[in-house]
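Engineer: Okay, handing you the structure first.
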Amino acid sequence: GSQVISNEVTDEPIEADKSYFLMIKDLDTPFGTVKGAATSIVGIVLIIGIIAGCILFRSLSNFLLTRMYVKDYKFHRSIVIDQVGTLYRMVPPVGVGGHLMEVFTFRKQKVSVSNALSIIAMYSICYQIALIAYNIVTIIVKRDLISQIGSIPISFTSSSSVYIPLWILITIGFIFNLGVIGIIFLLSFSKKFYNFISKYVLRFLSFIHIVKDIDKARSKLEDSVVSFRSNLKSLFSHWKTLVFTIIFMIGYITISYSIPYICGLSLSNSSSSASFFNSVLLSNLHQMVTCIIPLPGNALLSEMFFLQLFYPSSGPQFYMSEDIARASLLLWRSLTFIIPLLLACIVTICYHPSSKNNLIPKEESKNGIN
């Protein structure tokens, strides 16, 4: 049968295999709770502050990197780039189209394609560095919690669940995050790894008809590696820009991962386990798990795992009561997906670059950037 444990917030028994579908039943209660929070001044200020803060940190990072190439680039254009990228990363699976549309928007702002690609590459490098650092800290600090929670039930119907050990999901997610930038570094600085990919992996992909022209694929791979080395050299030569960009990325990750805590605070969460720090670390665990499956906005999986972390059906601590967890899920999803998506749509549709937008590329600097 189902294991029954006690909720330290409500002192009511909870079944360990309670599914996502059961958690979102009787939506009148969470909607009423959210309505009470959203109509308060504190709730409105927190919501606006979180959304604005995330956009600010991302746009500042983009702005600093772009100014390496264009000396008179304006900050509001970085906001547009951020919103266009946000829109096209949130809707399609695995975020396809986000970087492509950012390059297209850069071109509308008179930034060259080569510079736009370099800016996006350096932005991704800085973000991955900050994200991996957070991943490592979270795994170290929350290792006991990970082992105590054990398995996470992934429910696709109201009557059945598949239990997967949490440490396996986190390990896969961490490898995925690390692999995004790790493979590129290995290709750039390990001759043996580069030869392995260019000879054996591409040959295998050609054999199974994924790669049609192996010589062309090798040429593209070589060009990409050379471009990455150049971008990395430029980034490290501008060490102040690198440091501040990573700081802004850490700031962005921190406030975006604190949203569950802000939601609980707005909803008068009284759990002794709730804290800003716990919210950031648990949200980081959430990211490592949900990045594995490429769904638009991590739909369904994101909601299920959110409830398993913040209102777990098994484990040592409860960070929210059931009603607050369900209400927080609605508020959190609005803050992290629905509202940003609508805002990004509005900015993307309404943005029309000025015909006088003639940007001046930077002359060759002491650090060798054109």
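Chain identifiers are assigned as A, B, and so on, following the order in which chains appear in the structure tokens; residues are numbered from 1 within each chain, and ligands are numbered from 1 in order of appearance.
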Skip A:His238 itself and residues of its chain fewer than 3 positions away, then list as a ChimeraX atom specification all residues within 10 Å of it, counting only C-alpha atoms.

Structural biologist: /A:65,68,232-235,241-243,367,369

Engineer: Write out as a VMD selection string each polymer residue whose atoms come within 8 Å of stretch 166-183 of chain A, counting only C-alpha atoms; drop sequence neighbours fewer than 4 positions from it.

Structural biologist: chain A and resid 125 128 131 to 132 135 146 to 147 149 to 152 187 285 287 to 292

Engineer: Could you dump the residues just selected with N, CA and C atoms as a CSV table (one decimal), in the first residue's frame?

Structural biologist:
```
chain,number,residue,atom,x,y,z
A,125,ILE,N,28.6,31.0,-22.8
A,125,ILE,CA,29.7,30.5,-21.9
A,125,ILE,C,29.5,31.1,-20.5
A,128,GLN,N,26.6,29.3,-18.7
A,128,GLN,CA,26.9,27.9,-18.3
A,128,GLN,C,27.9,27.9,-17.1
A,131,LEU,N,25.8,28.6,-14.1
A,131,LEU,CA,24.9,27.6,-13.8
A,131,LEU,C,25.6,26.3,-13.2
A,132,ILE,N,26.7,26.0,-13.8
A,132,ILE,CA,27.4,24.8,-13.3
A,132,ILE,C,28.0,25.0,-11.9
A,135,ASN,N,25.1,24.4,-9.7
A,135,ASN,CA,24.8,23.0,-9.7
A,135,ASN,C,25.7,22.3,-8.7
A,146,ILE,N,18.9,14.9,-1.0
A,146,ILE,CA,18.8,14.1,-2.2
A,146,ILE,C,18.7,12.6,-1.8
A,147,SER,N,19.5,12.2,-0.9
A,147,SER,CA,19.5,10.8,-0.5
A,147,SER,C,18.2,10.5,0.4
A,149,ILE,N,15.2,12.0,0.2
A,149,ILE,CA,14.0,12.0,-0.7
A,149,ILE,C,13.9,10.7,-1.4
A,150,GLY,N,15.1,10.1,-1.8
A,150,GLY,CA,15.0,8.8,-2.5
A,150,GLY,C,14.5,8.9,-3.9
A,151,SER,N,13.4,8.3,-4.2
A,151,SER,CA,12.8,8.3,-5.5
A,151,SER,C,11.7,9.3,-5.7
A,152,ILE,N,11.6,9.8,-6.9
A,152,ILE,CA,10.6,10.8,-7.3
A,152,ILE,C,9.5,10.1,-8.1
A,187,LEU,N,36.6,19.9,-27.5
A,187,LEU,CA,36.9,20.0,-28.9
A,187,LEU,C,38.0,21.1,-29.2
A,285,LEU,N,17.9,22.2,-8.1
A,285,LEU,CA,17.6,20.8,-8.4
A,285,LEU,C,16.5,20.6,-9.4
A,287,GLN,N,15.9,22.6,-11.9
A,287,GLN,CA,16.4,22.9,-13.2
A,287,GLN,C,17.2,21.7,-13.7
A,288,MET,N,18.0,21.0,-12.9
A,288,MET,CA,18.8,19.9,-13.3
A,288,MET,C,17.9,18.7,-13.8
A,289,VAL,N,16.7,18.6,-13.2
A,289,VAL,CA,15.9,17.5,-13.6
A,289,VAL,C,15.1,17.8,-14.9
A,290,THR,N,14.5,19.0,-14.9
A,290,THR,CA,13.6,19.4,-16.0
A,290,THR,C,14.4,19.7,-17.3
A,291,CYS,N,15.7,20.0,-17.2
A,291,CYS,CA,16.4,20.2,-18.5
A,291,CYS,C,16.6,19.0,-19.3
A,292,ILE,N,16.3,17.8,-18.7
A,292,ILE,CA,16.6,16.5,-19.4
A,292,ILE,C,15.6,16.3,-20.5
```

Engineer: Give me the residues near A:Cys263 as a VMD selection string, where near means some atom within 7 Å (using only C-alpha atoms) and where sequence neighbours in that chain fewer than 5 positions away do not count.

Structural biologist: chain A and resid 328 331 to 332

Engineer: Can you list, as a list in words, all residues belonging to stretch 36-253 of chain A that DSSP tags as strand (DSSP E or B)?

Structural biologist: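 Restricting stretch 36-253 of chain A to strand (DSSP E or B) produces Val70, Ser151, Ile152, Pro153, Ile154, Ser155, Ser161, Val162, Tyr163, Ile164 and Pro165 of chain A.
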
Engineer: Produce a file of the selected residues containing N, CA and C atoms, as a tab-separated table (two decimals), in the first residue's frame.

Structural biologist:
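Final output, saved to again_21.tsv:
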```tsv
chain	number	residue	atom	x	y	z
A	70	VAL	N	30.54	47.01	-30.27
A	70	VAL	CA	29.86	48.21	-30.78
A	70	VAL	C	29.89	49.27	-29.68
A	151	SER	N	13.37	8.34	-4.17
A	151	SER	CA	12.80	8.30	-5.52
A	151	SER	C	11.71	9.35	-5.69
A	152	ILE	N	11.60	9.85	-6.92
A	152	ILE	CA	10.57	10.83	-7.25
A	152	ILE	C	9.51	10.15	-8.11
A	153	PRO	N	8.24	10.22	-7.70
A	153	PRO	CA	7.18	9.64	-8.54
A	153	PRO	C	6.84	10.56	-9.71
A	154	ILE	N	6.99	10.07	-10.91
A	154	ILE	CA	6.60	10.82	-12.10
A	154	ILE	C	5.26	10.27	-12.55
A	155	SER	N	4.20	11.11	-12.45
A	155	SER	CA	2.84	10.64	-12.70
A	155	SER	C	2.33	11.17	-14.04
A	161	SER	N	2.16	5.79	-11.22
A	161	SER	CA	3.38	6.59	-11.11
A	161	SER	C	4.59	5.72	-11.38
A	162	VAL	N	5.60	6.33	-11.96
A	162	VAL	CA	6.88	5.66	-12.17
A	162	VAL	C	7.87	6.30	-11.22
A	163	TYR	N	8.51	5.49	-10.37
A	163	TYR	CA	9.44	6.00	-9.36
A	163	TYR	C	10.87	5.94	-9.89
A	164	ILE	N	11.52	7.08	-9.94
A	164	ILE	CA	12.89	7.18	-10.44
A	164	ILE	C	13.75	7.78	-9.33
A	165	PRO	N	14.90	7.16	-9.00
A	165	PRO	CA	15.78	7.72	-7.97
A	165	PRO	C	16.19	9.16	-8.31
```

Engineer: Residues at most 8 Å from stretch 103-118 of chain A, counting only C-alpha atoms, excluding those fewer than 3 positions away in the same chain, as a list in words?

Structural biologist: Tyr69, Val70, Arg77, Ile81, Val84, His99, Leu100, Ala121, Met122, Ser227, Asn231, Pro353, Asn357, Asn358 and Leu359 of chain A

Engineer: Report the distance between atom CA of A:Leu202 and atom CA of A:Ser190 in Å, rounded to one decimal place.

Structural biologist: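 Atom-to-atom, atom CA of A:Leu202 to atom CA of A:Ser190, that is 16.9 Å.
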
Engineer: Output as a ChimeraX atom specification all residues of stretch 89-267 of chain A that backbone DSSP marks as helix (DSSP H, G or I).

Structural biologist: /A:89-90,93-95,98-108,113-141,143-149,166-189,191-207,214-237,239-257,259-266

Engineer: Could you check which of A:Phe276, A:Tyr88, A:Phe185, A:Phe57 is closest to A:Val225, using only C-alpha atoms?

Structural biologist: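 Once distances to A:Val225 are computed over only C-alpha atoms, the minimum belongs to A:Phe185.
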
Engineer: Interatomic distance between atom CA of A:Ile346 and atom CA of A:Val80?

Structural biologist: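 Computed distance, atom CA of A:Ile346 to atom CA of A:Val80, equals 10.5 Å.
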
Engineer: Calculated over only C-alpha atoms, which of the candidates A:Leu307, A:Ala133, A:Leu87, A:Ile50 has the smallest distance to A:Cys345?

Structural biologist: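 That would be A:Leu87, the residue with the smallest distance to A:Cys345.
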
Engineer: Please indicate the distance in Å from atom CA of A:Lys216 to atom CA of A:Gly98, rounded to one decimal place.

Structural biologist: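 About the pair atom CA of A:Lys216 and atom CA of A:Gly98: they are 24.7 Å apart.
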
Engineer: Which residue out of A:Leu330, A:Gly85, A:Ile255, A:Leu281 has the minimum interatomic distance to A:Gly49 when only C-alpha atoms are used?

Structural biologist: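 Smallest separation from A:Gly49 among the options: A:Ile255.
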
Engineer: Go through A:Ala130, A:Leu46, A:Ile262, A:Val347 and flag the residue nearest A:Ser78, using only C-alpha atoms for the distances.

Structural biologist: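 Nearest candidate to A:Ser78 out of A:Ala130, A:Leu46, A:Ile262, A:Val347: A:Val347.
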